[in-house]
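Asker: What follows is a structure written as C-alpha cells; I'll ask about it next.
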Number of protein chains: 4
Amino acid sequence: MKSETVVVHADMEPLPGIANPGPHQLYRNPRLAVEERQLGDLDPDEIRVQMLYAGICGTDVHLVETNPENGYIRCSAPAVIPNEGRVIGHEGVGKVLATGSHVRHVRPGSYVTFESIIVCHYCDVCRRGQFNQCRQALLLGLEKDGLFGTVVDVPSMLAHDVTPMATTDGNLRAAACIEPAGVAYVACQNTQVGGGDTVVIFGAGPIGVFCAMLSKIVFGASSVHVVEPVSYRRQLARQWCDRTYDVQEFFDNMPASIDVMIEASGQLGNVAGIFRRLNANGRVALLARSGMPLVLDAVDHMITNAITLIGSRGHLCGAFAKILRLHENGRIPLGEVITEVLEGPEELAAILRSPQRILTGNCKVLVRLC
Amino acid sequence: MKSETVVVHADMEPLPGIANPGPHQLYRNPRLAVEERQLGDLDPDEIRVQMLYAGICGTDVHLVETNPENGYIRCSAPAVIPNEGRVIGHEGVGKVLATGSHVRHVRPGSYVTFESIIVCHYCDVCRRGQFNQCRQALLLGLEKDGLFGTVVDVPSMLAHDVTPMATTDGNLRAAACIEPAGVAYVACQNTQVGGGDTVVIFGAGPIGVFCAMLSKIVFGASSVHVVEPVSYRRQLARQWCDRTYDVQEFFDNMPASIDVMIEASGQLGNVAGIFRRLNANGRVALLARSGMPLVLDAVDHMITNAITLIGSRGHLCGAFAKILRLHENGRIPLGEVITEVLEGPEELAAILRSPQRILTGNCKVLVRLC
Amino acid sequence: MKSETVVVHADMEPLPGIANPGPHQLYRNPRLAVEERQLGDLDPDEIRVQMLYAGICGTDVHLVETNPENGYIRCSAPAVIPNEGRVIGHEGVGKVLATGSHVRHVRPGSYVTFESIIVCHYCDVCRRGQFNQCRQALLLGLEKDGLFGTVVDVPSMLAHDVTPMATTDGNLRAAACIEPAGVAYVACQNTQVGGGDTVVIFGAGPIGVFCAMLSKIVFGASSVHVVEPVSYRRQLARQWCDRTYDVQEFFDNMPASIDVMIEASGQLGNVAGIFRRLNANGRVALLARSGMPLVLDAVDHMITNAITLIGSRGHLCGAFAKILRLHENGRIPLGEVITEVLEGPEELAAILRSPQRILTGNCKVLVRLC
Amino acid sequence: MKSETVVVHADMEPLPGIANPGPHQLYRNPRLAVEERQLGDLDPDEIRVQMLYAGICGTDVHLVETNPENGYIRCSAPAVIPNEGRVIGHEGVGKVLATGSHVRHVRPGSYVTFESIIVCHYCDVCRRGQFNQCRQALLLGLEKDGLFGTVVDVPSMLAHDVTPMATTDGNLRAAACIEPAGVAYVACQNTQVGGGDTVVIFGAGPIGVFCAMLSKIVFGASSVHVVEPVSYRRQLARQWCDRTYDVQEFFDNMPASIDVMIEASGQLGNVAGIFRRLNANGRVALLARSGMPLVLDAVDHMITNAITLIGSRGHLCGAFAKILRLHENGRIPLGEVITEVLEGPEELAAILRSPQRILTGNCKVLVRLC
C-alpha cells in the first residue's frame, strides 16, 4: 500500500565536545519533502490508518527551522532523523484500515485519534502509572515515523477510539486536537488548578489556549489571565479567559495575587517576573523547552509561601478519556482553537517551509489528508 | 439593645435507657415563639450584627417538627435547648454594628456572612486543619444562639467579610446562601469530583442543587444526574444538571457507569441501589443524617473496584473563600436556588410551624430581617 | 520441554437461577492432581521460567476446598477451570530459561518474581494508571495457568527482575513473598497510613502480617494492633506490632481511638464492632472477600467524623519496586513470615488436600520446585 | 513576678534605598544582655510558664551575629527589635504557672512545649488549614518576646500539653526538640518522602538530622544520604542515615538516582549540583534562607521528568501531635540530637556571643532554665 508522506531530512554532524547532544546539536541543513512511501507488512502491535486530519505543532516547525547562528535545527526535543528521513507529525485523526494480529481495542473501520508518546509499560515509572515520564518513551513523529501521511502505521497503544464522535466533520477536527488539549490538561492537574484560583498563562498557542479553556471550564478557576505578544492569538484567547495582555501590559497590570502560573511561552524570565505576586501555596508549571536557565531571586518568598515549581510534559494518565467525555457532553469546544485547515501534503510542506503564517496569523492549523 | 428573635422551646424528658441520647431522644413538645430579647455587653470575641437576610435549613424544620410516633423532636444533629429557649438559624447575611475588643478581621459597617460551625482551634484535629471535624465544635443556632433575630451577637470567627459583594440586594441574598453552598463544595471535594466524571446526586434540596451546580461548573463533571421525588425541586435542578429523575425513573434508567454518588436525601437504600453501577475507583459521599443503618451487599464489587465511601459534613477549610471568589467573578449563580423571600420574624415562625410549603414548593427560602 | 504441575479439576455445573455466577456457584467436586505437561512454543510476549519457590495463598486453598453445604468450591475470586484443568499458584520466584521474541526487560538467566494480575494496558482504567482495577484483568493461577509447576510460561509483563537479590537462598525465598507484601502495601496506601497513626489489623495471615510490618516500619504508624483468633499466627505477628489480641480480647480492650482499620480476616462484622472508635478522618480498608454484606449502623458517626471506607485489591502501581528497594536496603525482613518450606509438587498437592496445617500452624508456606 | 531573660538590643538604622528591608538591612550593632524583667498581668489568651529547657536555633545565632561587611545583623527571617530589646528563643519546654481567663486546653501544673508561629486563624490561608503560611504570622522570639527566660508569658495557642511525657528528664529534653523536628516533618511531607525513596539531605544541623531520622523511620525511605561539611555533625548523623559525605565527597560519589533532595544547608548551588540525578517525579524542598538566588540550568530535565521544587517552612498542621505520638511509642529518639546542655541564662548568653562551639562541635544545644 502506498502513502504520500511529509518527510524531513537533515545532515547529521554532531557539534564537537558535547557529551549528550540534543537534535539541535546533531542535525543541520534540514530539508522537507513530500515522498511516496510503500508500506510493508503490518506489525502485530500496530494499526494501519487512513489519516483524515493532522495538526501542526510548534515542534514540527522547530524540526525544519534552521538556527541562523550555527545552521543546526532548532528542535531540542528528543528526535532521531535517519538516513531515509523522518515522517513527522504527531497530532491527528484517522480511520483504521487494518489492525495487527495482537490488537484488540480498536478494529478496522474505527475512527481513532492518537497519543504521541510510545511508552514501554515495563519500567518502574510506567508500572507506577506515571507514563508521561516513561524511561523508554519514544515520541511519535520524532523518534518514530509519524502522522503526516495519507496512510500511516501506528503503534496500537496510541490509538483512542473516537467512532462515536465521528458523526460530523467538526467533531473529527476536534478529535485531532485532543493531543495538545491533553498536554494542557496535565499542566492544569500538575498545578492543581482548583475552585476560585487566579491563573496566569504565558503563551496563547494551542496549548496555552487549552490551558485557559480547561482552567475556566473544567478546573474551576475564578479568574484566568493570558499573556501573549501576538495580537491574533490574544484575540482568539479572549473568549476563554477573563483578560488578555501583551507582555509589557501584563507586567504593568498584573493581578495582586496569583495562585497558578503556567509557563507555555518558553520565556523563563516570566517566572521571575511574577514570582513575588505568587500567593501562599502558589504553583508554577514549566511546559515550554527553551534550553535556557531558570533564575529565581525570590527564594525567601518561595520558602515563606511554600510555593511549588513543577516541570510538566505529556498528555497521558487518563487525560484523553476525560477530554473525550467532556467533549462528547458538549462541555469543551475543542475545535474552536482551529484557525485554518490546509489541503494535502504539498500545502502542509509549503507552510512548514515558511511558518510565519502559522505563528502570527493562526492558532491551531490542521491539514486534511484524504 | 433589643432584638426580635425566633426561639424554640421544648420539654427536656430524656427517653429512658439511652446512653448518649441525641436531641430526638431528649426534647419533646417543641414550641416556636417570636420573642424580644435584650442584648447585653458584647463579648470581646464576638460581633454584633444587624441581620439582613437569613436562610431556612432543613435542620431548622426538624427542630420544631414532632415525631408523631413518640412526640419527640425530629432533629438528630447536636442541639441543646436551654430553659430560656434557643434562638435558631445558622445561614444569613448582615451588617456589623459593633465588634468585640479582640476582633480584627471585620469592622463596624462591614457586611458579613457566616460559617455555622464554631471550632476550638486547639484540638489536634483543628491543628491539622480539618476544622469540619473539630472535637469541640459547637453548631450555631443549635448549640449556641443563632441568626434568626433582627440583631444578633455572633462569634467573630464565623464572619466572612462580603462588603465588596454588598452592592446589590441580589448579591446580599446570594451571600446568605454561601453556607449551604459550602457544604456542597466540601462534598464535591471529599468525592474528588473531577474532569469527565459522571455524577449522581440524590436529593435536590439546596445542598443537592449546589452539588449539581458545583460539579458541573467548578469541578468539571461531564455528566450530572439529579434524583428527587418532589417535582418542583426536580424542575429547579434541571438547569444545573444534564438530567433529572424521580426515584423509580432513575432506577429504571440509571447511567451504566457512575463515578461519583452524593447522597443528600437521607435515603441510605439508594447507595445499595446503585452500588453495582459504580465505576472503578468510584466514590460515594454520605451527607444526610437519617439515624438509619447502611447495608451494602456488593462488598466484592467494592473490593474489586477500589470504591470509596466517605462521610461528609461541614463547609469549612476554605470553601467560603473559594465560593466567594467564584461568585464575585460571575461563575456561579448562588442566588438562583432562592425560591421565596419571607418578611420578618413572624412570617418566618409561621412557615416553620407548617413547613410543607418549604419542602414541596420551594428550594431555598430566605427571610428578610430588617 | 516437560513440567511437573499441580492442577485443579472440577465439574462445571452452574447453580440455577444466578445471573453472573462466581466460581463458587459454577464448579463442584474439585480434584487436585500432579500432572506432567508438555510445554509448546513460547509466546512472543511470555517467558519460560524454571520455578525455584512458589508460595501458597488462601485462594489456592479455597479453590480446592468444598463447601459442605452445597458441594461447590469455596473460591469466589474470579477463576476459570477448563476441561484440561487449571495449573494454580500465583506467588513465586524462578530463573528465566527463555524469553519470547517481544520481551526486552528480562533475559535468560535472570531471576524473576511475579505480579499476579495480567492487565490490558489499553482500557481507560489502565491508561490512568490504576492497574489494580483493569477492566480486562486476568488473574494468574485462576484465569490463566499459574506458577505451581517445575517450568512455567508466564506473561512477561508480570516479571520483575530480582537477579541482584538472588545471592542467597533466603533472599530468593523472600522474593517469593513480594506479591502478598504488595497487596499489603496497597492496603496501607489506600488507607493513607501515616506518621503517628493507630492502626488495627484484623487477620494475621501473610497479608495481615505484612500490613503490620509495613505500617510500623515504612508508613510510620505509632501504634499497631493485630487481632487474630489463631494463636500460632498471633505469636508470629507479635514482633511486627505493638500488641496482639484474640477477637474477644480485642473488643474488651480496644484502643480508645483508631485511625486506620485494615480488614483482612473476612469477618465484616469487625467493621461495625470498632466503628465508633474510629477517629476523626479515620479510614477503613476492606481486603478480604467473604460474599457477606456489610452493615453499618453508626452512619452519623461516619458523617460527623468524615470517615472513609475503601475496597482494596491488588499489588500493582509501583508496590513491587518499592518493596524490592526496601528489602535490598535491609529495611523489611520479608522472609520472616515464611514458616515452612515444602519439597516438590507432590508435597504441595498433599497439603492443599488437607490444608489445616497451613491455616493453624503456619503463616506463609512455600514449596521448593527445583 | 520576676524573670531572668536573655535579650537582644540593636540600633535601628535602615539601609537606604530598600523598599521592604529585612532585619539584616535594618539593625546593626547587636548586643546581648541578661536582664531581669517584671512580668505584668497575664493576657487572657496567654499562659505563664516556668521554663525548664530551651533550645538554641541557628536563627538565634544569626540575630546576634554581625555581618563583617556592613555591620548589620545576619538574620533575614522576620524580626522586630524594639527599643527595650527582644527576648529571644523559640524552642523549649516548661511548666504552666498560670493561665489566662480564655485558656481551656492547658492548666496550671501542665508541662508544655511550644510551636513558634503565632497564627491569626482568620485569614483565608489559616481557614484552609495551611497555617504555616498564615498572612499575619508572628514568629516567637523574633516578632514577639520568646522563651529565653526563667518565666515567660506565651500565647496559649502555641502550647502543647506534654505532661504524659514529663516523667523523666530525658523526655523533657526531648520535648524541647519537637519544634525543629516539626520543621523536618513538614519538609518530609512537602517532598512526599515515601516507601523505597532515595533521599539526599544537605546540612546536618538539627533540622537536617531530624529530616534523616524521619525519612528513615517514619516515611519509609530505603536509602538516606546526608551531606555536611562539619565532621562532628556528620558523625552524629551517621546513625540516622545510610551514608554521610563531605560536600566534595558527595559530588564525587552521589547516588545515580535521587527521589528527594532536602536543602537545609543554605547553599543553593547544591540544587543545581544534583539536579540531573533527580529521578522521574523527583522532589526538592528548599528550607534554608540565604538571600541568594537559585539558578537551574537543567530546566529540560525538569520538564521531561516532572520534577517538583517546593519551598518549605514551619512545623504546624499536625506535625507536633504526630511527633508526640511517635515519641511516646518509642519510635523516634528525639533527644539523641542533643549534644550539650548549658546551665542558665548567663551561660546561654555567653555561648551566643561566641557561637563557634555550637556550630562545629554540637548539633542541638539546650539550656536548663530552672
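Residues are named by chain letter and number: chains run A, B, ... in the order of the C-alpha cells, numbers start at 1 in each chain, and ligands are numbered from 1 in the order shown.
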Please identify all polymer residues within 9 Å of region 323-328 of chain B, counting only C-alpha atoms, omitting same-chain residues fewer than 4 positions from it, and present them as a compact mmCIF listing (two decimals) with N, CA and C atoms, in the first residue's frame.
Answerer:
# COMPACT_ATOMS: atom_id res chain seq x y z
N GLY A 195 -10.98 25.34 42.42
CA GLY A 195 -12.07 26.30 42.59
C GLY A 195 -11.59 27.63 43.15
N GLY A 196 -11.88 28.71 42.43
CA GLY A 196 -11.56 30.04 42.93
C GLY A 196 -10.16 30.53 42.63
N ASP A 197 -9.36 29.73 41.98
CA ASP A 197 -7.96 30.14 41.73
C ASP A 197 -7.86 31.26 40.69
N GLY A 220 -12.36 25.03 37.41
CA GLY A 220 -12.99 25.90 38.37
C GLY A 220 -12.25 27.18 38.72
N ALA A 221 -11.24 27.56 37.94
CA ALA A 221 -10.57 28.83 38.23
C ALA A 221 -11.59 29.97 38.20
N SER A 222 -11.41 30.95 39.08
CA SER A 222 -12.37 32.06 39.05
C SER A 222 -11.87 33.21 38.20
N SER A 223 -10.61 33.17 37.84
CA SER A 223 -10.05 34.30 37.12
C SER A 223 -8.85 33.82 36.30
N VAL B 162 -18.14 40.31 53.34
CA VAL B 162 -18.64 40.28 51.96
C VAL B 162 -18.99 41.68 51.49
N PRO B 164 -17.52 43.79 49.59
CA PRO B 164 -17.44 44.05 48.14
C PRO B 164 -18.63 43.51 47.36
N MET B 165 -19.32 42.52 47.93
CA MET B 165 -20.50 41.94 47.26
C MET B 165 -21.77 42.74 47.54
N ASN B 171 -27.05 40.28 45.38
CA ASN B 171 -25.78 39.77 45.91
C ASN B 171 -25.89 39.46 47.39
N ALA B 174 -27.60 36.26 47.75
CA ALA B 174 -26.66 35.19 47.37
C ALA B 174 -25.70 34.91 48.52
N ALA B 175 -25.24 35.97 49.18
CA ALA B 175 -24.28 35.78 50.27
C ALA B 175 -24.89 34.95 51.39
N ILE B 178 -24.13 31.09 51.02
CA ILE B 178 -22.79 30.52 50.92
C ILE B 178 -22.62 29.34 51.87
N ALA B 181 -23.94 26.27 50.21
CA ALA B 181 -23.07 26.02 49.05
C ALA B 181 -21.72 25.45 49.52
N GLY B 182 -21.27 25.91 50.68
CA GLY B 182 -20.02 25.39 51.24
C GLY B 182 -20.12 23.92 51.60
N TYR B 185 -19.74 22.19 48.45
CA TYR B 185 -18.36 22.26 47.98
C TYR B 185 -17.50 21.18 48.64
N VAL B 218 -17.70 23.94 38.40
CA VAL B 218 -16.42 24.16 39.08
C VAL B 218 -15.53 22.91 39.09
N GLY B 318 -11.75 26.48 53.81
CA GLY B 318 -11.50 27.27 52.61
C GLY B 318 -12.66 27.35 51.64
N ALA B 319 -13.73 26.59 51.88
CA ALA B 319 -14.82 26.60 50.90
C ALA B 319 -15.44 27.98 50.75
N ILE B 332 -20.69 31.34 39.46
CA ILE B 332 -21.77 30.51 39.99
C ILE B 332 -22.91 31.39 40.51
N PRO B 333 -24.10 31.16 39.98
CA PRO B 333 -25.26 31.99 40.33
C PRO B 333 -25.92 31.49 41.60
N LEU B 334 -25.27 31.76 42.75
CA LEU B 334 -25.76 31.23 44.02
C LEU B 334 -27.23 31.55 44.25
Asker: If we count only C-alpha atoms, which residues of chain A reach to within 12 Å of chain C? Please list them as a VMD selection string.
Answerer: chain A and resid 43 to 45 102 to 106 115 119 to 132 135 to 136 155 to 161 186 315 to 322 324 to 325
Asker: Let me make sure I understand: among B:Val227, B:Leu142, B:Val6, B:Val49, which one has the smallest atom-to-atom distance to Ala349 (chain B) if we use only C-alpha atoms?
Answerer: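 Residue with the minimum atom-to-atom distance to Ala349 (chain B): B:Val6.
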Asker: Set the distance at 8 Å and use only C-alpha atoms: which residues neighbour region 95-101 of chain A once local chain neighbours fewer than 3 positions away are removed? I'd like the list as a list in words.
Answerer: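 The residues that qualify are Leu42, Asp43, Pro44, Asp45, Glu46, Ile47, Arg48, Val49, Gln50, Met51, Leu52, Val106, Arg107, Pro108, Gly109, Ser110, Tyr111 and Val112 of chain A.
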Asker: Taking 6 positions as the minimum chain separation for residues in the same chain, which residues sit within 8 Å of Cys241 (chain B) when counting only C-alpha atoms? Answer as a list in words.
Answerer: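 Those residues are Ala212, Met213, Lys216, Ser223, Val224, His225 and Val226 of chain B.
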Asker: Those residues you just picked out, can you put them in a file as a short mmCIF file (atom, residue, chain, number, x, y, z; two decimals), in the first residue's frame with C-alpha atoms?
Answerer:
data_model
loop_
_atom_site.label_atom_id
_atom_site.label_comp_id
_atom_site.auth_asym_id
_atom_site.auth_seq_id
_atom_site.Cartn_x
_atom_site.Cartn_y
_atom_site.Cartn_z
CA ALA B 212 -25.05 19.72 40.93
CA MET B 213 -24.11 23.31 40.14
CA LYS B 216 -20.87 20.91 36.58
CA SER B 223 -22.47 14.40 33.19
CA VAL B 224 -24.58 15.29 36.23
CA HIS B 225 -27.76 13.42 37.20
CA VAL B 226 -30.16 14.50 39.95
#
Asker: If DSSP is run on the backbone, what residues of region 286-349 of chain D are strand (DSSP E or B)? A reply as an MDAnalysis selection string would be ideal.
Answerer: chainID D and resid 286 294:296 308:311 338:343
Asker: May I have all residues of region 39-90 of chain D that DSSP, computed from the backbone, assigns to helix (DSSP H, G or I), given as a PyMOL selection string?
Answerer: chain D and resi 58-64
Asker: Write the residues you've just listed into a file as a compact mmCIF listing (two decimals), in the first residue's frame, and include all heavy atoms for each of them.
Answerer:
# COMPACT_ATOMS: atom_id res chain seq x y z
N GLY D 58 19.68 28.09 64.95
CA GLY D 58 20.58 28.91 64.14
C GLY D 58 20.09 30.35 64.01
O GLY D 58 20.90 31.28 63.94
N THR D 59 18.77 30.54 64.00
CA THR D 59 18.23 31.89 63.90
C THR D 59 18.66 32.74 65.09
O THR D 59 18.93 33.94 64.95
CB THR D 59 16.70 31.84 63.82
OG1 THR D 59 16.33 30.91 62.81
CG2 THR D 59 16.12 33.20 63.49
N ASP D 60 18.70 32.14 66.28
CA ASP D 60 19.15 32.89 67.46
C ASP D 60 20.58 33.38 67.25
O ASP D 60 20.92 34.53 67.60
CB ASP D 60 19.07 31.99 68.71
CG ASP D 60 17.68 31.47 68.97
OD1 ASP D 60 16.71 32.26 68.85
OD2 ASP D 60 17.54 30.28 69.29
N VAL D 61 21.40 32.52 66.70
CA VAL D 61 22.78 32.90 66.43
C VAL D 61 22.84 34.04 65.41
O VAL D 61 23.56 35.03 65.61
CB VAL D 61 23.58 31.67 65.92
CG1 VAL D 61 24.98 32.08 65.50
CG2 VAL D 61 23.61 30.58 66.99
N HIS D 62 22.05 33.90 64.35
CA HIS D 62 22.07 34.93 63.30
C HIS D 62 21.58 36.29 63.80
O HIS D 62 21.92 37.32 63.24
CB HIS D 62 21.20 34.51 62.11
CG HIS D 62 21.81 33.41 61.30
ND1 HIS D 62 21.85 32.12 61.71
CD2 HIS D 62 22.40 33.40 60.08
CE1 HIS D 62 22.42 31.36 60.80
NE2 HIS D 62 22.79 32.11 59.81
N LEU D 63 20.77 36.29 64.85
CA LEU D 63 20.25 37.56 65.37
C LEU D 63 21.33 38.38 66.06
O LEU D 63 21.25 39.61 66.09
CB LEU D 63 19.15 37.28 66.40
CG LEU D 63 17.71 37.38 65.95
CD1 LEU D 63 16.81 37.00 67.11
CD2 LEU D 63 17.37 38.77 65.44
N VAL D 64 22.30 37.68 66.62
CA VAL D 64 23.32 38.41 67.39
C VAL D 64 24.66 38.45 66.67
O VAL D 64 25.63 39.01 67.19
CB VAL D 64 23.48 37.81 68.80
CG1 VAL D 64 22.19 37.99 69.60
CG2 VAL D 64 23.86 36.35 68.75
Asker: What's around Met302 (chain B) at 8 Å? Count only C-alpha atoms, leave out sequence neighbours fewer than 4 positions away in its own chain, and write the answer as a JSON list (two decimals) with all heavy atoms, in the first residue's frame.
Answerer:
[["chain", "number", "residue", "atom", "x", "y", "z"],
["B", 298, "ALA", "N", -22.84, -5.60, 48.05],
["B", 298, "ALA", "CA", -21.89, -5.80, 46.96],
["B", 298, "ALA", "C", -20.46, -5.48, 47.40],
["B", 298, "ALA", "O", -19.72, -4.76, 46.72],
["B", 298, "ALA", "CB", -22.30, -4.95, 45.76],
["B", 306, "ALA", "N", -12.07, -0.96, 44.10],
["B", 306, "ALA", "CA", -11.48, 0.07, 44.97],
["B", 306, "ALA", "C", -12.41, 1.26, 45.13],
["B", 306, "ALA", "O", -12.01, 2.42, 44.96],
["B", 306, "ALA", "CB", -10.10, 0.50, 44.45],
["B", 307, "ILE", "N", -13.64, 0.96, 45.47],
["B", 307, "ILE", "CA", -14.64, 2.01, 45.65],
["B", 307, "ILE", "C", -14.53, 2.59, 47.07],
["B", 307, "ILE", "O", -14.24, 1.87, 48.02],
["B", 307, "ILE", "CB", -16.04, 1.44, 45.37],
["B", 307, "ILE", "CG1", -16.17, 1.20, 43.87],
["B", 307, "ILE", "CG2", -17.14, 2.36, 45.90],
["B", 307, "ILE", "CD1", -17.35, 0.35, 43.49],
["B", 308, "THR", "N", -14.74, 3.89, 47.17],
["B", 308, "THR", "CA", -14.62, 4.60, 48.44],
["B", 308, "THR", "C", -15.97, 5.15, 48.88],
["B", 308, "THR", "O", -16.70, 5.73, 48.07],
["B", 308, "THR", "CB", -13.65, 5.80, 48.27],
["B", 308, "THR", "OG1", -12.40, 5.30, 47.83],
["B", 308, "THR", "CG2", -13.47, 6.55, 49.57],
["C", 310, "ILE", "N", -12.82, 1.98, 52.15],
["C", 310, "ILE", "CA", -12.36, 1.76, 50.80],
["C", 310, "ILE", "C", -12.10, 0.28, 50.55],
["C", 310, "ILE", "O", -11.59, -0.42, 51.43],
["C", 310, "ILE", "CB", -11.10, 2.61, 50.48],
["C", 310, "ILE", "CG1", -10.72, 2.45, 49.02],
["C", 310, "ILE", "CG2", -9.94, 2.27, 51.39],
["C", 310, "ILE", "CD1", -9.80, 3.52, 48.50],
["C", 311, "GLY", "N", -12.53, -0.18, 49.39],
["C", 311, "GLY", "CA", -12.19, -1.52, 48.97],
["C", 311, "GLY", "C", -10.77, -1.52, 48.45],
["C", 311, "GLY", "O", -10.34, -0.59, 47.77],
["C", 312, "SER", "N", -10.02, -2.56, 48.75],
["C", 312, "SER", "CA", -8.60, -2.58, 48.38],
["C", 312, "SER", "C", -8.27, -3.93, 47.76],
["C", 312, "SER", "O", -8.51, -4.98, 48.36],
["C", 312, "SER", "CB", -7.75, -2.34, 49.64],
["C", 312, "SER", "OG", -6.39, -2.25, 49.33]]
Asker: Considering only C-alpha atoms, return as a list in words whatever protein or nucleic-acid residues lie within 9 Å of Pro82 (chain D), sequence-local ones (same chain, fewer than 6 positions apart) excluded.
Answerer: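 Near neighbours after the sequence-gap exclusion: His9, Ala10 and Met12 of chain D.
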Asker: Include all heavy atoms and write out the residues we just selected as a tab-separated table (two decimals), in the first residue's frame.
Answerer:
chain	number	residue	atom	x	y	z
D	9	HIS	N	19.55	43.60	71.93
D	9	HIS	CA	19.34	45.00	71.58
D	9	HIS	C	20.11	45.29	70.30
D	9	HIS	O	21.09	44.61	70.00
D	9	HIS	CB	19.87	45.91	72.69
D	9	HIS	CG	19.19	45.74	74.00
D	9	HIS	ND1	18.14	46.52	74.42
D	9	HIS	CD2	19.39	44.84	75.00
D	9	HIS	CE1	17.74	46.13	75.62
D	9	HIS	NE2	18.48	45.10	76.01
D	10	ALA	N	19.65	46.28	69.57
D	10	ALA	CA	20.39	46.66	68.36
D	10	ALA	C	20.00	48.09	67.99
D	10	ALA	O	18.99	48.62	68.47
D	10	ALA	CB	20.06	45.71	67.20
D	12	MET	N	18.59	50.59	65.27
D	12	MET	CA	17.82	50.52	64.03
D	12	MET	C	18.28	51.63	63.09
D	12	MET	O	18.06	52.81	63.35
D	12	MET	CB	16.34	50.65	64.34
D	12	MET	CG	15.49	50.63	63.08
D	12	MET	SD	13.76	50.30	63.44
D	12	MET	CE	13.03	50.99	61.94
Asker: By how many Å are CA of Ser76 (chain B) and CA of Gln25 (chain B) apart?
Answerer: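 Between CA of Ser76 (chain B) and CA of Gln25 (chain B) the gap works out to 8.2 Å.
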